[in-house]
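S.K.: I am sharing model-v9.txt, which consists of compact mmCIF, C-alpha atoms:
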# COMPACT_ATOMS: atom_id res chain seq x y z
CA MET A 1 88.46 215.70 102.47
CA TYR A 2 86.04 216.77 99.77
CA GLU A 3 82.73 218.18 100.94
CA PHE A 4 79.68 215.96 101.17
CA GLU A 5 76.29 216.04 102.85
CA TYR A 6 75.69 213.77 105.84
CA HIS A 7 72.37 211.96 106.33
CA ARG A 8 71.42 209.70 109.20
CA ALA A 9 69.09 206.83 108.37
CA GLY A 10 66.95 205.34 111.14
CA ASN A 11 66.17 202.15 109.28
CA VAL A 12 66.84 200.30 106.03
CA GLY A 13 63.87 201.78 104.16
CA GLU A 14 64.94 205.30 105.03
CA ALA A 15 68.52 204.58 103.95
CA VAL A 16 67.42 203.22 100.57
CA ASP A 17 65.17 206.23 100.08
CA LEU A 18 67.93 208.70 100.96
CA LEU A 19 70.39 207.02 98.62
CA SER A 20 67.92 206.95 95.75
CA LYS A 21 67.58 210.73 96.00
CA SER A 22 71.32 211.29 95.70
CA SER A 23 73.19 211.64 92.42
CA ASP A 24 76.27 210.06 94.00
CA GLY A 25 75.51 208.63 97.41
CA GLN A 26 77.35 206.12 99.52
CA TYR A 27 76.29 204.17 102.60
CA LEU A 28 78.45 204.66 105.69
CA ALA A 29 78.74 201.63 107.98
CA GLY A 30 81.58 201.50 110.51
CA GLY A 31 83.63 203.82 108.33
CA MET A 32 86.91 202.11 109.12
CA SER A 33 87.84 201.95 105.42
CA LEU A 34 85.57 204.60 103.95
CA VAL A 35 86.57 207.48 106.24
CA PRO A 36 90.34 207.02 105.74
CA THR A 37 89.68 206.77 101.99
CA LEU A 38 87.73 210.05 102.06
CA LYS A 39 90.43 211.71 104.18
CA LEU A 40 93.02 210.88 101.51
CA ARG A 41 90.69 212.14 98.77
CA LEU A 42 90.75 208.71 97.17
CA ALA A 43 86.95 208.84 97.07
CA ARG A 44 84.40 211.57 96.66
CA HIS A 45 80.65 211.39 97.27
CA GLU A 46 77.86 213.93 97.23
CA ASP A 47 76.04 212.26 100.10
CA LEU A 48 76.89 209.83 102.87
CA ILE A 49 73.99 207.85 104.30
CA ASP A 50 74.91 206.76 107.82
CA LEU A 51 73.56 203.32 108.74
CA ASN A 52 74.67 203.52 112.37
CA GLY A 53 71.20 204.61 113.45
CA ALA A 54 69.55 201.54 111.94
CA GLY A 55 69.41 199.40 115.08
CA GLU A 56 67.57 196.63 113.25
CA LEU A 57 70.82 195.84 111.41
CA ALA A 58 72.87 195.01 114.52
CA GLY A 59 72.89 191.86 116.59
CA VAL A 60 73.98 188.24 116.73
CA SER A 61 71.85 185.15 117.16
CA ALA A 62 72.35 181.41 116.92
CA ALA A 63 69.64 178.85 116.21
CA GLY A 64 69.08 175.68 114.24
CA GLY A 65 72.75 175.08 113.45
CA SER A 66 73.49 178.50 112.09
CA VAL A 67 74.74 181.85 113.30
CA THR A 68 73.16 185.06 112.08
CA VAL A 69 75.16 188.27 112.24
CA GLY A 70 73.41 191.56 111.52
CA ALA A 71 75.20 193.71 108.97
CA MET A 72 75.96 196.53 111.42
CA THR A 73 77.29 194.22 114.13
CA ARG A 74 80.71 195.42 115.29
CA HIS A 75 83.70 193.10 115.11
CA GLU A 76 84.04 193.30 118.90
CA ALA A 77 80.46 192.07 119.37
CA VAL A 78 81.07 189.06 117.14
CA ALA A 79 84.36 188.25 118.89
CA ASP A 80 82.74 188.51 122.33
CA SER A 81 79.48 186.71 121.49
CA ALA A 82 79.08 183.54 123.55
CA ASP A 83 76.79 182.19 120.78
CA VAL A 84 79.45 182.67 118.10
CA GLN A 85 82.23 181.36 120.34
CA LYS A 86 80.20 178.20 120.93
CA ALA A 87 78.85 177.58 117.42
CA ILE A 88 81.72 178.83 115.25
CA PRO A 89 84.77 179.64 117.40
CA ALA A 90 86.84 180.29 114.26
CA LEU A 91 84.50 183.14 113.33
CA ALA A 92 84.78 184.73 116.78
CA ALA A 93 88.56 184.41 116.65
CA LEU A 94 88.68 185.95 113.17
CA ALA A 95 86.59 188.93 114.27
CA GLY A 96 88.82 189.39 117.32
CA GLY A 97 91.89 189.59 115.10
CA ILE A 98 90.71 192.33 112.75
CA GLY A 99 92.72 195.56 112.87
CA ASP A 100 93.02 196.86 116.43
CA PRO A 101 90.63 197.34 119.38
CA HIS A 102 89.51 200.80 118.22
CA VAL A 103 88.73 199.48 114.75
CA ARG A 104 86.87 196.52 116.25
CA HIS A 105 84.69 198.89 118.27
CA ARG A 106 83.43 200.56 115.08
CA GLY A 107 83.98 198.26 112.10
CA THR A 108 81.09 196.09 110.90
CA ILE A 109 80.73 192.82 109.00
CA GLY A 110 78.41 194.41 106.43
CA GLY A 111 80.85 197.21 105.72
CA SER A 112 83.75 194.81 105.44
CA ILE A 113 82.18 192.45 102.93
CA ALA A 114 80.50 195.21 100.92
CA ASN A 115 83.90 196.87 100.56
CA ASN A 116 85.51 193.49 99.71
CA ASP A 117 89.07 194.59 100.30
CA PRO A 118 91.28 191.83 98.86
CA ALA A 119 93.17 191.60 102.17
CA ALA A 120 90.16 191.73 104.51
CA ASP A 121 89.45 188.88 106.94
CA TYR A 122 85.65 188.60 106.84
CA PRO A 123 85.37 187.61 103.16
CA ALA A 124 87.44 184.52 104.01
CA ALA A 125 84.93 183.50 106.69
CA VAL A 126 81.91 184.19 104.49
CA LEU A 127 83.30 182.14 101.61
CA GLY A 128 85.08 179.57 103.79
CA LEU A 129 81.88 178.75 105.67
CA GLY A 130 79.57 178.96 102.67
CA ALA A 131 77.51 181.71 104.30
CA THR A 132 74.49 183.41 102.76
CA VAL A 133 74.42 187.19 102.44
CA HIS A 134 70.94 188.62 102.98
CA THR A 135 70.12 192.03 101.54
CA ASN A 136 67.03 194.21 101.49
CA LYS A 137 66.17 192.57 98.16
CA ARG A 138 67.39 188.96 98.11
CA GLU A 139 69.72 186.27 99.38
CA ILE A 140 73.13 185.83 97.77
CA SER A 141 75.34 182.78 98.31
CA ALA A 142 78.94 183.48 99.27
CA ASP A 143 80.10 181.82 96.05
CA ASP A 144 78.20 184.44 94.04
CA PHE A 145 78.77 187.44 96.29
CA PHE A 146 82.46 188.30 95.84
CA THR A 147 83.02 189.19 92.21
CA GLY A 148 86.43 190.85 92.08
CA LEU A 149 88.74 193.55 93.45
CA PHE A 150 86.52 195.70 95.71
CA GLU A 151 83.57 194.35 93.69
CA THR A 152 80.52 192.43 94.88
CA ALA A 153 77.20 191.25 93.46
CA LEU A 154 75.39 194.09 95.26
CA ASP A 155 73.31 196.34 93.04
CA GLU A 156 73.30 200.12 93.34
CA GLY A 157 71.56 201.04 96.57
CA GLU A 158 71.24 197.45 97.79
CA ILE A 159 71.93 197.04 101.51
CA ILE A 160 73.27 193.97 103.27
CA THR A 161 70.99 193.23 106.20
CA LYS A 162 72.61 190.13 107.70
CA VAL A 163 74.93 187.23 107.05
CA VAL A 164 73.86 183.70 107.94
CA PHE A 165 76.69 181.25 108.65
CA PRO A 166 75.98 177.49 108.78
CA ALA A 167 77.88 176.09 111.76
CA PRO A 168 80.60 173.69 110.53
CA ASP A 169 81.85 170.56 112.26
CA VAL A 170 85.26 172.19 112.49
CA ALA A 171 86.85 175.35 111.11
CA CYS A 172 90.00 177.40 111.52
CA TYR A 173 91.34 180.66 110.14
CA ILE A 174 95.06 181.38 110.06
CA LYS A 175 96.46 184.58 108.64
CA PHE A 176 99.91 186.00 108.16
CA PRO A 177 99.13 189.57 109.15
CA ASN A 178 100.74 192.69 107.84
CA PRO A 179 102.56 193.77 111.01
CA ALA A 180 101.38 197.38 110.66
CA SER A 181 97.73 197.04 109.66
CA ARG A 182 96.84 193.46 110.64
CA PHE A 183 95.29 193.03 107.20
CA ALA A 184 96.06 189.56 105.83
CA ILE A 185 99.11 189.32 103.60
CA VAL A 186 97.57 185.88 103.14
CA GLY A 187 94.85 184.21 105.19
CA SER A 188 93.37 180.73 104.86
CA PHE A 189 89.95 179.74 106.18
CA VAL A 190 89.33 176.00 106.24
CA SER A 191 86.03 174.41 107.26
CA LYS A 192 84.52 170.93 107.24
CA LYS A 193 80.83 170.17 107.48
CA GLY A 194 79.90 166.57 106.87
CA ASP A 195 81.54 165.58 103.60
CA ASP A 196 81.87 169.17 102.44
CA VAL A 197 85.20 170.96 102.81
CA ARG A 198 85.97 174.58 101.97
CA VAL A 199 89.30 176.35 101.68
CA ALA A 200 88.99 180.11 101.19
CA ILE A 201 92.02 182.31 100.67
CA THR A 202 92.17 186.05 101.29
CA GLY A 203 95.04 188.49 100.78
CA ALA A 204 96.72 186.47 98.05
CA GLY A 205 94.65 187.41 95.01
CA PRO A 206 92.49 190.24 93.70
CA GLY A 207 89.69 188.90 95.90
CA VAL A 208 88.89 185.96 98.14
CA PHE A 209 88.92 182.61 96.30
CA ARG A 210 88.55 178.88 96.93
CA VAL A 211 91.22 176.28 96.19
CA ALA A 212 89.42 173.35 94.59
CA GLU A 213 92.46 171.08 94.57
CA MET A 214 92.94 171.47 98.33
CA GLU A 215 89.25 170.93 99.00
CA ALA A 216 89.29 167.68 96.98
CA ALA A 217 92.40 166.45 98.78
CA LEU A 218 90.88 167.26 102.18
CA LYS A 219 87.63 165.52 101.33
CA ALA A 220 89.67 162.36 100.72
CA ASN A 221 91.86 162.86 103.79
CA PHE A 222 91.20 165.71 106.21
CA ALA A 223 94.78 166.11 107.45
CA ALA A 224 97.39 168.83 107.20
CA ASP A 225 99.66 166.59 105.15
CA ALA A 226 96.97 166.32 102.47
CA VAL A 227 97.53 169.93 101.40
CA ALA A 228 101.25 170.16 102.18
CA ASN A 229 102.32 169.53 98.61
CA ILE A 230 99.55 171.36 96.79
CA LYS A 231 101.00 174.46 95.15
CA VAL A 232 98.97 177.28 93.69
CA SER A 233 100.44 179.12 90.73
CA PRO A 234 101.66 182.64 91.54
CA ASP A 235 100.24 183.84 88.21
CA GLY A 236 97.66 186.50 88.96
CA LEU A 237 98.40 186.66 92.68
CA ASN A 238 99.10 189.98 94.40
CA ALA A 239 102.61 191.39 94.53
CA ASP A 240 103.53 194.50 96.52
CA ILE A 241 106.16 195.79 98.92
CA HIS A 242 104.96 193.32 101.53
CA GLY A 243 105.48 190.21 99.44
CA SER A 244 105.90 188.87 95.91
CA ALA A 245 103.33 186.68 94.17
CA GLU A 246 105.66 183.70 94.68
CA TYR A 247 105.88 184.46 98.40
CA ARG A 248 102.10 184.65 98.69
CA ALA A 249 101.71 181.39 96.75
CA HIS A 250 104.10 179.75 99.21
CA LEU A 251 102.30 181.23 102.24
CA LEU A 252 98.98 180.02 100.90
CA THR A 253 100.02 176.39 101.21
CA VAL A 254 101.76 176.85 104.56
CA LEU A 255 98.81 178.67 106.11
CA SER A 256 96.26 176.21 104.73
CA LYS A 257 98.26 173.39 106.26
CA ARG A 258 98.24 175.20 109.61
CA ALA A 259 94.52 175.95 109.29
CA VAL A 260 93.74 172.25 108.76
CA ALA A 261 95.94 171.37 111.72
CA GLY A 262 94.15 174.08 113.73
CA CYS A 263 90.82 172.37 113.07
CA GLY A 264 92.06 169.80 115.56
CA MET B 1 76.83 222.07 101.81
CA GLY B 2 74.92 222.52 105.02
CA THR B 3 76.15 222.65 108.54
CA HIS B 4 74.93 220.62 111.47
CA GLU B 5 74.33 221.73 115.03
CA VAL B 6 75.72 219.06 117.31
CA SER B 7 75.47 218.55 121.06
CA MET B 8 77.33 215.94 123.04
CA THR B 9 78.53 215.27 126.52
CA VAL B 10 82.28 215.80 126.68
CA ASN B 11 84.04 214.91 129.94
CA GLY B 12 80.74 215.17 131.75
CA GLU B 13 79.77 218.58 130.40
CA SER B 14 77.23 219.35 127.71
CA ARG B 15 79.02 220.88 124.71
CA SER B 16 77.64 221.96 121.38
CA GLY B 17 78.77 223.57 118.18
CA SER B 18 78.27 223.96 114.48
CA VAL B 19 80.11 221.56 112.16
CA GLU B 20 80.32 220.65 108.51
CA SER B 21 79.39 217.11 107.50
CA ARG B 22 83.06 216.36 106.92
CA THR B 23 84.29 217.69 110.28
CA LEU B 24 85.99 214.88 112.13
CA LEU B 25 85.37 214.41 115.84
CA SER B 26 89.09 215.01 116.45
CA THR B 27 88.82 218.37 114.67
CA PHE B 28 85.71 219.33 116.64
CA LEU B 29 87.38 218.46 119.94
CA ARG B 30 90.61 220.30 119.13
CA GLU B 31 89.42 223.32 117.19
CA ASN B 32 85.88 224.00 118.41
CA LEU B 33 86.27 222.92 122.01
CA ARG B 34 90.02 223.64 122.27
CA LEU B 35 90.60 220.26 123.88
CA THR B 36 94.02 219.85 122.31
CA GLY B 37 95.08 216.88 124.44
CA THR B 38 93.64 214.68 121.71
CA HIS B 39 96.49 214.52 119.20
CA ILE B 40 96.60 213.98 115.45
CA GLY B 41 99.64 211.93 114.52
CA CYS B 42 98.77 210.75 111.03
CA ASP B 43 96.29 211.29 108.21
CA THR B 44 95.63 207.62 107.69
CA SER B 45 93.77 206.42 110.81
CA GLN B 46 96.70 204.28 111.88
CA CYS B 47 98.53 205.94 114.77
CA GLY B 48 96.01 206.04 117.61
CA ALA B 49 97.15 209.40 119.03
CA CYS B 50 93.54 210.61 118.69
CA VAL B 51 91.89 207.81 120.68
CA VAL B 52 89.00 208.96 122.87
CA HIS B 53 86.11 207.07 124.43
CA VAL B 54 82.63 207.29 122.93
CA ASN B 55 79.94 205.73 125.13
CA GLY B 56 82.72 204.08 127.10
CA GLU B 57 84.55 202.46 124.19
CA SER B 58 87.86 203.48 122.64
CA ILE B 59 87.61 204.83 119.11
CA LYS B 60 89.82 206.82 116.76
CA SER B 61 88.32 210.31 116.83
CA CYS B 62 89.93 211.03 113.44
CA THR B 63 87.78 208.31 111.88
CA LEU B 64 84.38 209.39 113.15
CA PHE B 65 82.53 212.46 111.96
CA ALA B 66 81.63 214.96 114.67
CA VAL B 67 78.01 214.79 113.53
CA GLN B 68 78.04 211.05 114.27
CA ALA B 69 78.91 211.82 117.90
CA ASP B 70 75.82 214.02 118.24
CA GLY B 71 74.02 213.02 121.44
CA GLN B 72 76.83 210.69 122.50
CA ASP B 73 79.00 210.60 125.63
CA VAL B 74 82.62 211.47 124.83
CA LYS B 75 85.62 211.27 127.14
CA THR B 76 89.00 212.75 126.23
CA ILE B 77 92.35 212.77 128.02
CA GLU B 78 91.32 216.05 129.68
CA GLY B 79 88.55 214.19 131.49
CA VAL B 80 90.73 211.47 132.98
CA ALA B 81 92.44 213.20 135.93
CA ASP B 82 90.54 214.31 139.03
CA GLY B 83 91.44 218.00 139.13
CA GLU B 84 95.16 218.17 139.87
CA THR B 85 95.29 214.53 140.91
CA LEU B 86 96.43 212.24 138.13
CA HIS B 87 94.39 209.14 137.35
CA THR B 88 96.01 205.92 138.55
CA MET B 89 96.91 205.04 134.98
CA GLN B 90 98.44 208.46 134.32
CA GLN B 91 100.44 208.14 137.53
CA ALA B 92 101.66 204.72 136.39
CA PHE B 93 102.93 206.24 133.13
CA LYS B 94 104.73 208.93 135.14
CA ASP B 95 106.23 206.46 137.61
CA ASN B 96 107.40 204.04 134.93
CA HIS B 97 108.72 206.57 132.42
CA GLY B 98 105.98 205.50 130.03
CA LEU B 99 106.50 208.52 127.82
CA GLN B 100 109.38 210.12 125.99
CA CYS B 101 108.26 212.89 123.65
CA GLY B 102 104.70 212.46 124.93
CA TYR B 103 102.94 212.84 121.59
CA CYS B 104 101.31 209.42 121.59
CA THR B 105 100.62 209.48 125.34
CA PRO B 106 97.01 210.75 125.36
CA GLY B 107 96.02 207.99 122.94
CA MET B 108 98.05 205.44 124.88
CA ILE B 109 96.32 206.37 128.16
CA MET B 110 92.85 206.24 126.58
CA ALA B 111 93.71 202.88 124.98
CA ALA B 112 95.14 201.64 128.29
CA LEU B 113 91.95 202.50 130.16
CA ASP B 114 89.94 200.64 127.54
CA ILE B 115 92.20 197.60 127.87
CA VAL B 116 91.67 197.54 131.64
CA ARG B 117 87.91 197.96 131.18
CA ARG B 118 87.82 194.80 129.07
CA ILE B 119 90.71 192.88 130.63
CA PRO B 120 91.20 193.93 134.27
CA ASP B 121 94.23 191.68 134.77
CA PRO B 122 96.02 191.60 131.41
CA THR B 123 99.21 189.69 130.67
CA GLU B 124 102.13 191.44 129.05
CA LYS B 125 101.35 189.60 125.81
CA GLN B 126 97.76 190.82 125.91
CA VAL B 127 98.83 194.42 126.49
CA ARG B 128 101.21 194.26 123.54
CA GLU B 129 98.49 192.80 121.31
CA GLU B 130 95.94 195.35 122.48
CA LEU B 131 98.32 198.21 121.63
CA GLU B 132 98.17 197.24 117.96
CA GLY B 133 96.32 200.47 117.15
CA ASN B 134 98.65 202.84 118.99
CA MET B 135 102.05 203.84 117.70
CA CYS B 136 104.94 205.38 119.62
CA ARG B 137 107.44 206.93 117.24
CA CYS B 138 110.01 207.10 120.04
CA THR B 139 109.55 203.31 120.08
CA GLY B 140 109.16 203.48 123.84
CA TYR B 141 106.85 200.49 123.97
CA HIS B 142 108.77 198.69 126.70
CA ASN B 143 107.94 201.27 129.36
CA ILE B 144 104.45 201.88 127.96
CA VAL B 145 103.65 198.20 128.44
CA LYS B 146 105.26 198.30 131.89
CA SER B 147 103.16 201.37 132.77
CA ILE B 148 99.90 199.75 131.65
CA LEU B 149 100.61 196.58 133.62
CA ALA B 150 101.43 198.68 136.69
CA GLY B 151 98.40 200.91 136.13
CA ALA B 152 96.11 197.91 135.74
CA GLU B 153 97.44 196.40 138.95
CA ALA B 154 97.01 199.67 140.84
CA MET B 155 93.47 200.03 139.50
CA ARG B 156 92.59 196.54 140.77
CA SER B 157 93.73 197.33 144.30
Can I see the file as structure tokens?

M.R.:
Amino acid sequence: MYEFEYHRAGNVGEAVDLLSKSSDGQYLAGGMSLVPTLKLRLARHEDLIDLNGAGELAGVSAAGGSVTVGAMTRHEAVADSADVQKAIPALAALAGGIGDPHVRHRGTIGGSIANNDPAADYPAAVLGLGATVHTNKREISADDFFTGLFETALDEGEIITKVVFPAPDVACYIKFPNPASRFAIVGSFVSKKGDDVRVAITGAGPGVFRVAEMEAALKANFAADAVANIKVSPDGLNADIHGSAEYRAHLLTVLSKRAVAGCG
Amino acid sequence: MGTHEVSMTVNGESRSGSVESRTLLSTFLRENLRLTGTHIGCDTSQCGACVVHVNGESIKSCTLFAVQADGQDVKTIEGVADGETLHTMQQAFKDNHGLQCGYCTPGMIMAALDIVRRIPDPTEKQVREELEGNMCRCTGYHNIVKSILAGAEAMRS
């Protein structure tokens, strides 16, 4: 690992201040992606600003038909939250299926979506539920937040403070996990709220994306059969040792069908 | 780059030392404190041989900086037995041949204790799912799962 200087921030203001003083600083949330990346020398930073001391960023609450998850809330806390289990069981189940228990004890929702790994689970929930990402500066809708491979709408130094999820009528997330890492080779998050339907796909492309054709079909008929014959072109989808673009395109339809069925 | 003076409770004792920012908790435990029961099996945070408990929860000590554990309560495999008497879970691994080469065993035991903390009466399926973050290169999972189920049962009684 390259050398860096460690700083512990006690709150958001302190973190922003520390980062602004660094020529090449990086916030450290749960560290479940960042630390392995540093260990492999795939990243190098002058300063790491640790957000784990910023207690204001952690916590879950539910009120008025929405669930609010603080940016530094661990996956385990979301999975175990009675509020989340009641309001959006699909979100609790998704959090409980990330990585492994040790990762879930440290990893955070803010870190996950700020990193925007193309195979991460949380981006599918944020986009699939039409959540709003709150930062220290503004509110960003899920549709505007994820902008590409490991890219988001966050500005330099901007910190995610919380994510607000509107509770859907029904929702379900189904992923085909990489058997080693539990990252999604493909994952489909389907939700229905009133007349609105969202289908968000992770793992298949350079970043999470919605499938408009499936959403339209499900608005007309919210049944697994409605998406069974909708194919997405493999052009531009990910291809690696775990699966070809064609394989992912096929999985995308199969998993979306199962996710609709899982909405019960 | 500066160094940091850290103090933490390790296996019930107050321990301190001087670390770089980049020093991992696993490195601090093994090299500064000479607690070499915590193993390093990979460089990629995948194998789970380094699992310890921080504030009662299992974590990969190779994926946390030592400075982040400053002021925290850490438990390693060395803190599990009561003197010469093995912990119930360790005894279950011994009785059920839950180890072959033994390299992954410290992480397996620490993970097993965390499973039982959260799920006192786990099913075999749950144990297998919960072991997602711990690899056994001897592929001795069958007896590891058997050991954890037996250990969990013994801990309940």

S.K.: For chain A against chain B, with a cut-off of 8 Å and counting all atoms listed in the file, what is the closest atom pair and its distance in Å to one decimal for every residue that makes the cut, ordered by chain and number, as JSON lines?

M.R.:
{"residue": "A:Met1", "atom": "CA", "partner": "B:Arg22", "partner_atom": "CA", "distance": 7.0}
{"residue": "A:Tyr2", "atom": "CA", "partner": "B:Arg22", "partner_atom": "CA", "distance": 7.8}
{"residue": "A:Glu3", "atom": "CA", "partner": "B:Arg22", "partner_atom": "CA", "distance": 6.3}
{"residue": "A:Phe4", "atom": "CA", "partner": "B:Ser21", "partner_atom": "CA", "distance": 6.4}
{"residue": "A:Glu5", "atom": "CA", "partner": "B:Ser21", "partner_atom": "CA", "distance": 5.7}
{"residue": "A:Tyr6", "atom": "CA", "partner": "B:Ser21", "partner_atom": "CA", "distance": 5.3}
{"residue": "A:Gly31", "atom": "CA", "partner": "B:Thr63", "partner_atom": "CA", "distance": 7.1}
{"residue": "A:Met32", "atom": "CA", "partner": "B:Thr63", "partner_atom": "CA", "distance": 6.8}
{"residue": "A:Val35", "atom": "CA", "partner": "B:Thr63", "partner_atom": "CA", "distance": 5.8}
{"residue": "A:Pro36", "atom": "CA", "partner": "B:Thr44", "partner_atom": "CA", "distance": 5.7}
{"residue": "A:Lys39", "atom": "CA", "partner": "B:Asp43", "partner_atom": "CA", "distance": 7.1}
{"residue": "A:Leu40", "atom": "CA", "partner": "B:Thr44", "partner_atom": "CA", "distance": 7.5}
{"residue": "A:Gly99", "atom": "CA", "partner": "B:Gly133", "partner_atom": "CA", "distance": 7.4}
{"residue": "A:Asp100", "atom": "CA", "partner": "B:Gly133", "partner_atom": "CA", "distance": 4.9}
{"residue": "A:Pro101", "atom": "CA", "partner": "B:Glu130", "partner_atom": "CA", "distance": 6.5}
{"residue": "A:His102", "atom": "CA", "partner": "B:Ile59", "partner_atom": "CA", "distance": 4.5}
{"residue": "A:Val103", "atom": "CA", "partner": "B:Ile59", "partner_atom": "CA", "distance": 7.0}
{"residue": "A:His105", "atom": "CA", "partner": "B:Ile59", "partner_atom": "CA", "distance": 6.7}
{"residue": "A:Arg106", "atom": "CA", "partner": "B:Ile59", "partner_atom": "CA", "distance": 7.2}
{"residue": "A:Ala180", "atom": "CA", "partner": "B:Glu132", "partner_atom": "CA", "distance": 8.0}
{"residue": "A:Ser181", "atom": "CA", "partner": "B:Gln46", "partner_atom": "CA", "distance": 7.6}

S.K.: For the atom pair atom CA of Gly151 of chain B and atom CA of Gly79 of chain B, what is the interatomic distance in Å to one decimal place?

M.R.: 17.2 Å

S.K.: What is the atom CA of Glu46 of chain A-atom CA of Ser22 of chain A distance in Å, reported with one decimal?

M.R.: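 Those two atoms sit 7.2 Å apart.
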
S.K.: In Å, with one decimal, what is the gap from atom CA of Phe145 of chain A to atom CA of Val69 of chain A?

M.R.: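 Computing it gives 16.4 Å between the two atoms.
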
S.K.: Could you pull the residues within 8 Å of Met214 of chain A, counting only C-alpha atoms, minus those fewer than 4 positions along the same chain, as JSON, numbers by chain?

M.R.: {"A": [199, 218, 226, 227, 230]}

S.K.: Hey, what's within 7 Å of Ala58 of chain A if we count all atoms listed in the file and toss same-chain stuff fewer than 3 positions away? As a PDB file with C-alpha atoms, in the frame of the given file, please?

M.R.:
ATOM      1  CA  GLY A  55      69.410 199.400 115.080  1.00  0.00           C
ATOM      2  CA  GLY A  70      73.410 191.560 111.520  1.00  0.00           C
ATOM      3  CA  ALA A  71      75.200 193.710 108.970  1.00  0.00           C
ATOM      4  CA  MET A  72      75.960 196.530 111.420  1.00  0.00           C
ATOM      5  CA  THR A  73      77.290 194.220 114.130  1.00  0.00           C
TER       6      THR A  73
END

S.K.: Excluding same-chain residues fewer than 2 positions from Gln72 of chain B, what lies within 12 Å of it counting all atoms listed in the file, as a VMD selection string?

M.R.: chain B and resid 6 to 16 25 53 to 57 66 to 70 74 to 75

S.K.: May I have the residues within 10 Å of segment 145-148 of chain B as number ranges by chain, using all atoms listed in the file and disregarding those fewer than 3 positions away in the same chain?

M.R.: B: 89-99, 108-109, 111-113, 115-116, 122-128, 131, 140-142, 151-154

S.K.: If we count all atoms listed in the file, what is near Ala119 of chain A at a cut-off of 9 Å, once residues fewer than 4 positions away on the same chain are taken out, given as a list in words?

M.R.: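 The neighbour list is Pro123, Phe183, Ala184, Ile185, Val186, Gly187, Thr202, Gly203, Ala204, Gly205, Pro206, Gly207 and Val208 of chain A.
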
S.K.: Could you check which of A:Pro118, A:Gly53, A:Gly157, A:Gly236 is closest to Lys21 of chain A, using all atoms listed in the file?

M.R.: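 Nearest candidate to Lys21 of chain A out of A:Pro118, A:Gly53, A:Gly157, A:Gly236: A:Gly157.
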
S.K.: Find, counting all atoms listed in the file, the residue in A:Leu94, A:Ala87, A:Val232, A:Val164 that gets nearest to Gly59 of chain A.

M.R.: A:Val164

S.K.: Using all atoms listed in the file and a cutoff of 12 Å, can you tell me which residues are near (85.8, 230.5, 115.7) in the file's coordinates, and write them out as a ChimeraX atom specification?

M.R.: /B:17-19,28,30-34

S.K.: Got a minute to add N, CA and C atoms to segment 223-235 of chain A and dump it as a PDB file, in the frame of the given file?

M.R.:
ATOM      1  N   ALA A 223      93.561 166.030 106.642  1.00  0.00           N
ATOM      2  CA  ALA A 223      94.780 166.110 107.450  1.00  0.00           C
ATOM      3  C   ALA A 223      95.711 167.135 106.827  1.00  0.00           C
ATOM      4  N   ALA A 224      96.501 167.772 107.677  1.00  0.00           N
ATOM      5  CA  ALA A 224      97.390 168.830 107.200  1.00  0.00           C
ATOM      6  C   ALA A 224      98.299 168.359 106.078  1.00  0.00           C
ATOM      7  N   ASP A 225      98.749 167.116 106.168  1.00  0.00           N
ATOM      8  CA  ASP A 225      99.660 166.590 105.150  1.00  0.00           C
ATOM      9  C   ASP A 225      99.003 166.519 103.774  1.00  0.00           C
ATOM     10  N   ALA A 226      97.678 166.448 103.754  1.00  0.00           N
ATOM     11  CA  ALA A 226      96.970 166.320 102.470  1.00  0.00           C
ATOM     12  C   ALA A 226      97.145 167.553 101.587  1.00  0.00           C
ATOM     13  N   VAL A 227      97.375 168.705 102.210  1.00  0.00           N
ATOM     14  CA  VAL A 227      97.530 169.930 101.400  1.00  0.00           C
ATOM     15  C   VAL A 227      98.980 170.391 101.329  1.00  0.00           C
ATOM     16  N   ALA A 228      99.863 169.692 102.053  1.00  0.00           N
ATOM     17  CA  ALA A 228     101.250 170.160 102.180  1.00  0.00           C
ATOM     18  C   ALA A 228     101.975 170.316 100.849  1.00  0.00           C
ATOM     19  N   ASN A 229     101.612 169.471  99.892  1.00  0.00           N
ATOM     20  CA  ASN A 229     102.320 169.530  98.610  1.00  0.00           C
ATOM     21  C   ASN A 229     101.498 170.131  97.485  1.00  0.00           C
ATOM     22  N   ILE A 230     100.381 170.741  97.832  1.00  0.00           N
ATOM     23  CA  ILE A 230      99.550 171.360  96.790  1.00  0.00           C
ATOM     24  C   ILE A 230      99.992 172.811  96.613  1.00  0.00           C
ATOM     25  N   LYS A 231     100.512 173.111  95.442  1.00  0.00           N
ATOM     26  CA  LYS A 231     101.000 174.460  95.150  1.00  0.00           C
ATOM     27  C   LYS A 231     100.003 175.183  94.256  1.00  0.00           C
ATOM     28  N   VAL A 232      99.809 176.446  94.550  1.00  0.00           N
ATOM     29  CA  VAL A 232      98.970 177.280  93.690  1.00  0.00           C
ATOM     30  C   VAL A 232      99.886 178.160  92.870  1.00  0.00           C
ATOM     31  N   SER A 233      99.578 178.304  91.599  1.00  0.00           N
ATOM     32  CA  SER A 233     100.440 179.120  90.730  1.00  0.00           C
ATOM     33  C   SER A 233     100.440 180.579  91.169  1.00  0.00           C
ATOM     34  N   PRO A 234     101.624 181.208  91.178  1.00  0.00           N
ATOM     35  CA  PRO A 234     101.660 182.640  91.540  1.00  0.00           C
ATOM     36  C   PRO A 234     101.092 183.558  90.451  1.00  0.00           C
ATOM     37  N   ASP A 235     100.789 183.008  89.291  1.00  0.00           N
ATOM     38  CA  ASP A 235     100.240 183.840  88.210  1.00  0.00           C
ATOM     39  C   ASP A 235      98.934 184.488  88.670  1.00  0.00           C
TER      40      ASP A 235
END
